[in-house]
$ cat final_15.pdb   # PDB, C-alpha atoms
ATOM      1  CA  VAL A 911      -0.035  30.914 149.339
ATOM      2  CA  ASN A 912      -0.509  33.975 147.209
ATOM      3  CA  LYS A 913       1.530  33.949 144.063
ATOM      4  CA  HIS A 914       2.635  37.248 142.653
ATOM      5  CA  LEU A 915       3.796  37.869 139.165
ATOM      6  CA  LEU A 916       7.015  39.842 139.184
ATOM      7  CA  HIS A 917       7.898  42.072 136.233
ATOM      8  CA  LEU A 918      11.257  43.673 135.728
ATOM      9  CA  VAL A 919      11.539  46.939 133.851
ATOM     10  CA  PRO A 920      15.309  47.479 133.552
ATOM     11  CA  HIS A 921      15.133  51.016 132.212
ATOM     12  CA  GLY A 922      12.157  53.304 132.181
ATOM     13  CA  ILE A 923      12.123  56.438 130.063
ATOM     14  CA  ASN A 924       9.678  59.208 130.814
ATOM     15  CA  SER A 925       7.879  59.935 127.544
ATOM     16  CA  ASP A 926       6.638  63.231 128.986
ATOM     17  CA  VAL A 927      10.279  64.378 129.120
ATOM     18  CA  PHE A 928      12.105  62.483 126.353
ATOM     19  CA  LYS A 929      10.188  63.539 123.245
ATOM     20  CA  PRO A 930      10.596  65.539 120.052
ATOM     21  CA  LEU A 931      10.709  69.286 120.666
ATOM     22  CA  PRO A 932       9.814  72.045 118.211
ATOM     23  CA  ASP A 933      12.818  73.614 116.463
ATOM     24  CA  ASN A 934      12.051  76.977 118.046
ATOM     25  CA  ASP A 935      12.050  75.557 121.607
ATOM     26  CA  VAL A 936      13.946  77.927 123.891
ATOM     27  CA  SER A 937      15.889  75.070 125.534
ATOM     28  CA  ILE A 938      17.266  74.043 122.142
ATOM     29  CA  LYS A 939      18.271  77.609 121.262
ATOM     30  CA  ASN A 940      19.952  78.123 124.650
ATOM     31  CA  LEU A 941      21.823  74.824 124.502
ATOM     32  CA  LYS A 942      23.055  75.450 120.945
ATOM     33  CA  LYS A 943      24.370  78.845 122.040
ATOM     34  CA  LEU A 944      26.097  77.299 125.060
ATOM     35  CA  LEU A 945      27.662  74.449 123.085
ATOM     36  CA  PHE A 946      28.419  76.050 119.733
ATOM     37  CA  GLY A 947      28.523  79.799 120.389
ATOM     38  CA  ASN A 948      27.443  81.607 117.229
ATOM     39  CA  LYS A 949      28.437  78.789 114.859
ATOM     40  CA  GLN A 950      25.563  77.185 112.977
ATOM     41  CA  TYR A 951      25.893  73.521 112.022
ATOM     42  CA  ASP A 952      24.003  71.658 109.310
ATOM     43  CA  PHE A 953      24.755  68.240 110.846
ATOM     44  CA  VAL A 954      25.274  67.264 114.485
ATOM     45  CA  LEU A 955      26.408  63.726 115.310
ATOM     46  CA  PHE A 956      25.817  63.011 119.003
ATOM     47  CA  HIS A 957      27.576  60.488 121.249
ATOM     48  CA  ASN A 958      26.282  60.187 124.821
ATOM     49  CA  SER A 959      28.099  57.641 126.930
ATOM     50  CA  ARG A 960      30.824  57.149 129.505
ATOM     51  CA  ASN A 961      34.435  57.310 128.385
ATOM     52  CA  VAL A 962      35.317  53.637 128.824
ATOM     53  CA  GLN A 963      37.043  51.353 126.336
ATOM     54  CA  ARG A 964      34.013  49.199 125.499
ATOM     55  CA  LYS A 965      32.052  52.267 124.340
ATOM     56  CA  LYS A 966      34.549  52.679 121.463
ATOM     57  CA  THR A 967      34.498  56.483 121.514
ATOM     58  CA  SER A 968      37.807  56.587 119.629
ATOM     59  CA  ASN A 969      36.178  54.530 116.872
ATOM     60  CA  THR A 970      33.315  57.035 116.830
ATOM     61  CA  VAL A 971      35.825  59.847 116.283
ATOM     62  CA  LEU A 972      37.415  57.855 113.469
ATOM     63  CA  ALA A 973      34.015  57.173 111.865
ATOM     64  CA  TYR A 974      33.161  60.874 112.085
ATOM     65  CA  ARG A 975      36.446  61.737 110.361
ATOM     66  CA  ALA A 976      35.730  59.207 107.591
ATOM     67  CA  PHE A 977      32.287  60.776 107.145
ATOM     68  CA  CYS A 978      33.716  64.305 106.915
ATOM     69  CA  ASP A 979      36.521  63.154 104.591
ATOM     70  CA  ASN A 980      33.823  62.255 102.059
ATOM     71  CA  LEU A 981      32.320  65.745 102.097
ATOM     72  CA  THR A 982      33.516  68.937 100.511
ATOM     73  CA  SER A 983      35.509  71.134 102.881
ATOM     74  CA  GLU A 984      32.571  73.554 102.983
ATOM     75  CA  GLN A 985      30.130  70.767 103.911
ATOM     76  CA  ALA A 986      32.510  69.323 106.516
ATOM     77  CA  SER A 987      32.919  72.747 108.128
ATOM     78  CA  LYS A 988      29.184  72.673 108.881
ATOM     79  CA  CYS A 989      29.371  69.337 110.740
ATOM     80  CA  VAL A 990      30.175  68.697 114.387
ATOM     81  CA  LEU A 991      30.660  65.665 116.577
ATOM     82  CA  LEU A 992      29.115  66.379 119.978
ATOM     83  CA  LEU A 993      30.651  64.163 122.656
ATOM     84  CA  HIS A 994      28.698  64.103 125.914
ATOM     85  CA  THR A 995      31.350  62.257 127.909
ATOM     86  CA  GLU A 996      34.439  62.779 129.998
ATOM     87  CA  LYS A 997      37.504  64.038 128.122
ATOM     88  CA  LEU A 998      39.789  61.945 130.317
ATOM     89  CA  GLN A 999      38.954  58.844 132.291
ATOM     90  CA  ASP A1000      41.169  56.215 133.942
ATOM     91  CA  ALA A1001      39.116  53.378 132.445
ATOM     92  CA  GLY A1002      38.809  55.159 129.114
ATOM     93  CA  THR A1003      40.818  57.202 126.682
ATOM     94  CA  ASP A1004      42.508  60.587 126.468
ATOM     95  CA  LEU A1005      39.932  61.860 123.991
ATOM     96  CA  PRO A1006      41.566  65.265 123.323
ATOM     97  CA  ALA A1007      44.731  63.378 122.269
ATOM     98  CA  VAL A1008      42.659  61.033 120.083
ATOM     99  CA  ILE A1009      40.954  63.994 118.407
ATOM    100  CA  LYS A1010      44.274  65.777 117.884
ATOM    101  CA  ALA A1011      45.745  62.637 116.270
ATOM    102  CA  LEU A1012      42.750  61.364 114.291
ATOM    103  CA  CYS A1013      40.470  64.296 113.624
ATOM    104  CA  PRO A1014      42.337  67.608 113.859
ATOM    105  CA  LYS A1015      40.640  69.409 110.990
ATOM    106  CA  TYR A1016      36.990  68.739 111.910
ATOM    107  CA  ASP A1017      34.838  70.211 114.677
ATOM    108  CA  VAL A1018      34.404  68.184 117.848
ATOM    109  CA  VAL A1019      32.670  69.675 120.890
ATOM    110  CA  PHE A1020      32.623  68.237 124.406
ATOM    111  CA  SER A1021      29.836  68.410 126.934
ATOM    112  CA  GLU A1022      31.053  66.983 130.245
ATOM    113  CA  ALA A1023      28.534  68.300 132.772
ATOM    114  CA  LYS A1024      25.894  65.998 134.209
ATOM    115  CA  LEU A1025      22.621  67.369 132.847
ATOM    116  CA  PRO A1026      19.036  66.944 134.024
ATOM    117  CA  PRO A1027      16.676  64.940 131.777
ATOM    118  CA  GLU A1028      15.104  68.088 130.277
ATOM    119  CA  GLN A1029      18.489  69.343 129.050
ATOM    120  CA  MET A1030      19.378  65.883 127.758
ATOM    121  CA  THR A1031      16.124  65.973 125.789
ATOM    122  CA  ALA A1032      17.257  69.247 124.208
ATOM    123  CA  MET A1033      20.639  67.629 123.439
ATOM    124  CA  TYR A1034      18.989  64.719 121.603
ATOM    125  CA  ASN A1035      16.777  67.193 119.737
ATOM    126  CA  ILE A1036      19.820  69.194 118.604
ATOM    127  CA  ALA A1037      21.331  66.052 117.090
ATOM    128  CA  ASP A1038      20.685  64.815 113.577
ATOM    129  CA  ALA A1039      21.779  61.325 114.665
ATOM    130  CA  THR A1040      22.971  59.621 117.849
ATOM    131  CA  ILE A1041      25.816  57.110 117.541
ATOM    132  CA  LEU A1042      26.820  54.327 119.932
ATOM    133  CA  ILE A1043      29.102  51.593 118.613
ATOM    134  CA  SER A1044      30.038  49.784 121.828
ATOM    135  CA  SER A1045      31.813  46.445 121.679
ATOM    136  CA  ASN A1046      29.140  45.171 124.057
ATOM    137  CA  GLU A1047      26.119  46.848 125.553
ATOM    138  CA  GLY A1048      23.560  45.526 128.003
ATOM    139  CA  PHE A1049      20.857  47.972 126.970
ATOM    140  CA  GLY A1050      22.018  51.302 125.535
ATOM    141  CA  LEU A1051      19.975  53.853 127.464
ATOM    142  CA  SER A1052      21.196  56.780 125.341
ATOM    143  CA  ILE A1053      19.931  55.022 122.220
ATOM    144  CA  ALA A1054      16.488  54.452 123.734
ATOM    145  CA  GLU A1055      16.338  58.103 124.843
ATOM    146  CA  SER A1056      17.349  59.219 121.337
ATOM    147  CA  ILE A1057      14.609  57.105 119.792
ATOM    148  CA  MET A1058      12.066  58.616 122.217
ATOM    149  CA  CYS A1059      13.156  62.085 121.043
ATOM    150  CA  GLY A1060      12.701  61.104 117.392
ATOM    151  CA  THR A1061      16.427  61.302 116.622
ATOM    152  CA  PRO A1062      17.802  58.599 114.284
ATOM    153  CA  ILE A1063      20.404  56.229 115.682
ATOM    154  CA  ILE A1064      23.598  54.617 114.431
ATOM    155  CA  VAL A1065      24.520  51.414 116.282
ATOM    156  CA  ASN A1066      26.280  48.158 115.685
ATOM    157  CA  VAL A1067      24.699  44.757 116.212
ATOM    158  CA  THR A1068      25.629  43.862 119.778
ATOM    159  CA  GLY A1069      23.844  43.153 123.057
ATOM    160  CA  GLY A1070      20.891  45.375 123.889
ATOM    161  CA  LEU A1071      21.522  47.600 120.873
ATOM    162  CA  GLN A1072      20.462  44.840 118.481
ATOM    163  CA  ASP A1073      17.218  44.453 120.439
ATOM    164  CA  GLN A1074      16.398  48.147 120.054
ATOM    165  CA  ILE A1075      16.894  48.289 116.300
ATOM    166  CA  GLY A1076      14.362  45.531 115.684
ATOM    167  CA  GLN A1077      16.512  43.770 113.115
ATOM    168  CA  VAL A1078      14.480  41.310 111.028
ATOM    169  CA  ASP A1079      15.318  38.683 108.434
ATOM    170  CA  ASP A1080      14.019  38.594 104.851
ATOM    171  CA  GLU A1081      10.685  37.151 106.043
ATOM    172  CA  GLY A1082      10.176  39.860 108.680
ATOM    173  CA  ASN A1083      11.071  37.660 111.654
ATOM    174  CA  PRO A1084      13.367  38.890 114.425
ATOM    175  CA  VAL A1085      16.961  37.872 113.769
ATOM    176  CA  LYS A1086      18.240  35.301 116.276
ATOM    177  CA  PHE A1087      21.928  35.543 117.077
TER     178      PHE A1087
END
$ encode --input "final_15.pdb" --output "structure tokens"
Amino acid sequence: VNKHLLHLVPHGINSDVFKPLPDNDVSIKNLKKLLFGNKQYDFVLFHNSRNVQRKKTSNTVLAYRAFCDNLTSEQASKCVLLLHTEKLQDAGTDLPAVIKALCPKYDVVFSEAKLPPEQMTAMYNIADATILISSNEGFGLSIAESIMCGTPIIVNVTGGLQDQIGQVDDEGNPVKF
């Protein structure tokens, strides 16, 4: 009997595609123009996930508002929350209503179209940080893609997200939950 060793790779990310791009990359310039028109932002907070309750997109909007509330009005006007998700979803939230109620004075831009990996790479490269604060998460593919693109991440300690952040204790050992 031949015994075979089976390995499971739950999510593979192509490092030839998901990588840091130079600031002058044409795909970045084109995507910024498409998303933001002529407006220039100093800070882009990116959320890439489905609009379902466990992804806590409403909490992300609230966190973004709290961030902007601590800036001057001039600084806040140069920030944007980029939501790559559905505006409305049966299993999710009416995000335009959430934004109107929680974050009416700050810029929030939606990107709803399914994009090929190369355009998603440009999206991660536009961002100054990617945020995903799900209540539970098996892996967090968008966070891994963001890391591959060199974009900092903001996550909470849950499921697969805690594995990706490499949280260690005071002696440098992985934290066991």
$ resolve_selection --input "final_15.pdb" --expression "the PyMOL selection byres ((chain A and resi 972) around 12)" --output "list in words"
Lys966, Thr967, Ser968, Asn969, Thr970, Val971, Ala973, Tyr974, Arg975, Ala976, Phe977, Cys978, Asp979, Leu991, Leu1005, Val1008, Ile1009, Lys1010, Ala1011, Leu1012, Cys1013, Pro1014, Tyr1016, Val1018 and Ile1043 of chain A
$ write_last_selection --input "final_15.pdb" --atoms "C-alpha atoms" --output "CSV table (one decimal), in the frame of the given file"
chain,number,residue,atom,x,y,z
A,966,LYS,CA,34.5,52.7,121.5
A,967,THR,CA,34.5,56.5,121.5
A,968,SER,CA,37.8,56.6,119.6
A,969,ASN,CA,36.2,54.5,116.9
A,970,THR,CA,33.3,57.0,116.8
A,971,VAL,CA,35.8,59.8,116.3
A,973,ALA,CA,34.0,57.2,111.9
A,974,TYR,CA,33.2,60.9,112.1
A,975,ARG,CA,36.4,61.7,110.4
A,976,ALA,CA,35.7,59.2,107.6
A,977,PHE,CA,32.3,60.8,107.1
A,978,CYS,CA,33.7,64.3,106.9
A,979,ASP,CA,36.5,63.2,104.6
A,991,LEU,CA,30.7,65.7,116.6
A,1005,LEU,CA,39.9,61.9,124.0
A,1008,VAL,CA,42.7,61.0,120.1
A,1009,ILE,CA,41.0,64.0,118.4
A,1010,LYS,CA,44.3,65.8,117.9
A,1011,ALA,CA,45.7,62.6,116.3
A,1012,LEU,CA,42.8,61.4,114.3
A,1013,CYS,CA,40.5,64.3,113.6
A,1014,PRO,CA,42.3,67.6,113.9
A,1016,TYR,CA,37.0,68.7,111.9
A,1018,VAL,CA,34.4,68.2,117.8
A,1043,ILE,CA,29.1,51.6,118.6
$ residues_around --input "final_15.pdb" --residues "Phe928 (chain A)" --least-positions-apart "2" --cutoff "7 Å" --atoms "only C-alpha atoms" --output "list in words"
Asn924, Ser925, Asp926, Thr1031, Glu1055, Met1058 and Cys1059 of chain A
$ residues_around --input "final_15.pdb" --residues "Phe946 (chain A)" --least-positions-apart "6" --cutoff "12 Å" --atoms "all atoms listed in the file" --output "ChimeraX atom specification"
/A:938-940,954,988-992,1017-1021,1036
$ closest_residue --input "final_15.pdb" --among "A:Ala1054, A:Ala986, A:Ala1037, A:Leu1042" --to "Gly922 (chain A)" --atoms "all atoms listed in the file"
A:Ala1054
$ atom_distance --input "final_15.pdb" --atom1 "CA of Val1078 (chain A)" --atom2 "CA of Ile1057 (chain A)"
18.1 Å
$ atom_distance --input "final_15.pdb" --atom1 "CA of Glu1028 (chain A)" --atom2 "CA of Ser1056 (chain A)"
12.8 Å
$ residues_around --input "final_15.pdb" --residues "Phe1049 (chain A)" --least-positions-apart "6" --cutoff "9 Å" --atoms "only C-alpha atoms" --output "list in words"
Pro920, His921, Gly1069, Gly1070, Leu1071, Asp1073 and Gln1074 of chain A
$ atom_distance --input "final_15.pdb" --atom1 "CA of Glu1022 (chain A)" --atom2 "CA of Pro1006 (chain A)"
12.7 Å
$ closest_residue --input "final_15.pdb" --among "A:Glu984, A:Asp935, A:Asp1038, A:Asp1000" --to "His957 (chain A)" --atoms "all atoms listed in the file"
A:Asp1038
$ closest_residue --input "final_15.pdb" --among "A:Thr982, A:Thr1003, A:Ser959, A:Asn948" --to "Gly1050 (chain A)" --atoms "only C-alpha atoms"
A:Ser959
$ closest_residue --input "final_15.pdb" --among "A:Ser937, A:Asn958, A:Asn980, A:Gln963" --to "Ala1039 (chain A)" --atoms "all atoms listed in the file"
A:Asn958
$ resolve_selection --input "final_15.pdb" --expression "the PyMOL selection byres ((chain A and resi 1045) around 8)" --output "list in words"
Arg964, Lys965, Lys966, Ile1043, Ser1044, Asn1046, Glu1047 and Thr1068 of chain A
$ decode --input "final_15.pdb" --residues "region 1008-1054 of chain A" --atoms "N, CA and C atoms" --output "CSV table (one decimal), in the first residue's frame"
chain,number,residue,atom,x,y,z
A,1008,VAL,N,-27.2,53.2,6.7
A,1008,VAL,CA,-26.3,53.2,7.8
A,1008,VAL,C,-25.4,54.5,7.7
A,1009,ILE,N,-24.9,54.7,6.5
A,1009,ILE,CA,-24.0,55.8,6.2
A,1009,ILE,C,-24.7,57.2,6.5
A,1010,LYS,N,-25.9,57.2,6.0
A,1010,LYS,CA,-26.7,58.4,6.1
A,1010,LYS,C,-27.0,58.7,7.6
A,1011,ALA,N,-27.2,57.7,8.4
A,1011,ALA,CA,-27.5,57.8,9.8
A,1011,ALA,C,-26.3,58.0,10.7
A,1012,LEU,N,-25.2,57.3,10.4
A,1012,LEU,CA,-24.0,57.3,11.2
A,1012,LEU,C,-22.8,58.2,10.7
A,1013,CYS,N,-22.8,58.4,9.5
A,1013,CYS,CA,-21.6,59.0,8.9
A,1013,CYS,C,-21.9,60.0,7.8
A,1014,PRO,N,-22.9,60.9,8.0
A,1014,PRO,CA,-23.3,61.7,6.9
A,1014,PRO,C,-22.3,62.8,6.4
A,1015,LYS,N,-21.4,63.2,7.3
A,1015,LYS,CA,-20.5,64.3,6.9
A,1015,LYS,C,-19.1,63.9,6.4
A,1016,TYR,N,-18.9,62.6,6.3
A,1016,TYR,CA,-17.6,62.1,5.9
A,1016,TYR,C,-17.7,61.3,4.6
A,1017,ASP,N,-16.7,61.3,3.8
A,1017,ASP,CA,-16.7,60.6,2.5
A,1017,ASP,C,-16.6,59.1,2.6
A,1018,VAL,N,-17.6,58.5,1.9
A,1018,VAL,CA,-17.7,57.0,1.8
A,1018,VAL,C,-17.9,56.7,0.4
A,1019,VAL,N,-17.1,55.9,-0.2
A,1019,VAL,CA,-17.3,55.5,-1.6
A,1019,VAL,C,-17.5,54.0,-1.7
A,1020,PHE,N,-18.4,53.6,-2.6
A,1020,PHE,CA,-18.7,52.2,-2.8
A,1020,PHE,C,-18.0,51.7,-4.1
A,1021,SER,N,-17.6,50.5,-4.1
A,1021,SER,CA,-17.2,49.8,-5.3
A,1021,SER,C,-17.9,48.4,-5.2
A,1022,GLU,N,-18.9,48.2,-6.1
A,1022,GLU,CA,-19.7,47.0,-6.0
A,1022,GLU,C,-19.3,46.0,-7.1
A,1023,ALA,N,-18.6,46.4,-8.1
A,1023,ALA,CA,-18.4,45.4,-9.2
A,1023,ALA,C,-17.4,44.4,-8.9
A,1024,LYS,N,-17.6,43.2,-9.4
A,1024,LYS,CA,-16.6,42.1,-9.2
A,1024,LYS,C,-15.4,42.4,-10.1
A,1025,LEU,N,-14.2,42.5,-9.5
A,1025,LEU,CA,-13.0,42.9,-10.2
A,1025,LEU,C,-12.0,41.8,-10.3
A,1026,PRO,N,-11.3,41.7,-11.4
A,1026,PRO,CA,-10.2,40.7,-11.5
A,1026,PRO,C,-9.1,41.0,-10.5
A,1027,PRO,N,-8.3,40.0,-10.3
A,1027,PRO,CA,-7.2,40.1,-9.3
A,1027,PRO,C,-6.3,41.3,-9.5
A,1028,GLU,N,-6.0,41.6,-10.8
A,1028,GLU,CA,-5.1,42.7,-11.0
A,1028,GLU,C,-5.7,44.1,-10.6
A,1029,GLN,N,-7.0,44.2,-10.7
A,1029,GLN,CA,-7.7,45.5,-10.3
A,1029,GLN,C,-7.8,45.5,-8.8
A,1030,MET,N,-8.0,44.3,-8.2
A,1030,MET,CA,-8.0,44.2,-6.7
A,1030,MET,C,-6.7,44.6,-6.1
A,1031,THR,N,-5.6,44.2,-6.8
A,1031,THR,CA,-4.3,44.6,-6.4
A,1031,THR,C,-4.1,46.1,-6.4
A,1032,ALA,N,-4.6,46.7,-7.4
A,1032,ALA,CA,-4.6,48.2,-7.5
A,1032,ALA,C,-5.4,48.8,-6.3
A,1033,MET,N,-6.5,48.2,-6.0
A,1033,MET,CA,-7.4,48.7,-4.9
A,1033,MET,C,-6.6,48.6,-3.6
A,1034,TYR,N,-6.0,47.5,-3.3
A,1034,TYR,CA,-5.2,47.4,-2.1
A,1034,TYR,C,-4.1,48.4,-2.1
A,1035,ASN,N,-3.5,48.6,-3.2
A,1035,ASN,CA,-2.4,49.6,-3.3
A,1035,ASN,C,-2.8,51.0,-3.1
A,1036,ILE,N,-4.1,51.3,-3.4
A,1036,ILE,CA,-4.6,52.7,-3.2
A,1036,ILE,C,-4.8,52.9,-1.7
A,1037,ALA,N,-5.1,51.8,-1.0
A,1037,ALA,CA,-5.5,52.0,0.4
A,1037,ALA,C,-4.2,52.3,1.3
A,1038,ASP,N,-4.5,53.0,2.3
A,1038,ASP,CA,-3.5,53.2,3.4
A,1038,ASP,C,-3.6,52.2,4.5
A,1039,ALA,N,-4.8,51.6,4.6
A,1039,ALA,CA,-5.0,50.5,5.5
A,1039,ALA,C,-6.3,49.7,5.1
A,1040,THR,N,-6.3,48.4,5.3
A,1040,THR,CA,-7.4,47.6,5.1
A,1040,THR,C,-8.0,47.2,6.4
A,1041,ILE,N,-9.3,47.3,6.6
A,1041,ILE,CA,-10.0,47.0,7.8
A,1041,ILE,C,-11.0,45.8,7.6
A,1042,LEU,N,-10.9,44.9,8.6
A,1042,LEU,CA,-11.9,43.8,8.6
A,1042,LEU,C,-12.1,43.4,10.1
A,1043,ILE,N,-13.3,43.7,10.6
A,1043,ILE,CA,-13.5,43.5,12.0
A,1043,ILE,C,-14.7,42.6,12.2
A,1044,SER,N,-14.7,41.4,11.5
A,1044,SER,CA,-15.8,40.4,11.6
A,1044,SER,C,-15.9,39.9,13.0
A,1045,SER,N,-17.2,39.4,13.3
A,1045,SER,CA,-17.4,38.8,14.6
A,1045,SER,C,-16.8,37.4,14.6
A,1046,ASN,N,-16.7,36.8,13.4
A,1046,ASN,CA,-16.0,35.5,13.3
A,1046,ASN,C,-15.5,35.4,11.8
A,1047,GLU,N,-14.4,34.8,11.6
A,1047,GLU,CA,-13.8,34.8,10.3
A,1047,GLU,C,-12.9,33.5,10.2
A,1048,GLY,N,-13.2,32.7,9.2
A,1048,GLY,CA,-12.5,31.4,9.1
A,1048,GLY,C,-11.0,31.7,8.6
A,1049,PHE,N,-10.9,32.6,7.7
A,1049,PHE,CA,-9.5,32.9,7.2
A,1049,PHE,C,-9.3,34.4,7.0
A,1050,GLY,N,-10.1,35.1,6.3
A,1050,GLY,CA,-9.9,36.5,6.0
A,1050,GLY,C,-9.0,36.7,4.8
A,1051,LEU,N,-9.5,36.3,3.6
A,1051,LEU,CA,-8.8,36.4,2.4
A,1051,LEU,C,-8.4,37.8,2.1
A,1052,SER,N,-9.3,38.8,2.3
A,1052,SER,CA,-8.9,40.2,1.9
A,1052,SER,C,-7.8,40.7,2.8
A,1053,ILE,N,-7.7,40.2,4.0
A,1053,ILE,CA,-6.6,40.6,4.8
A,1053,ILE,C,-5.2,40.0,4.3
A,1054,ALA,N,-5.3,38.8,3.9
A,1054,ALA,CA,-4.0,38.1,3.4
A,1054,ALA,C,-3.6,38.8,2.1
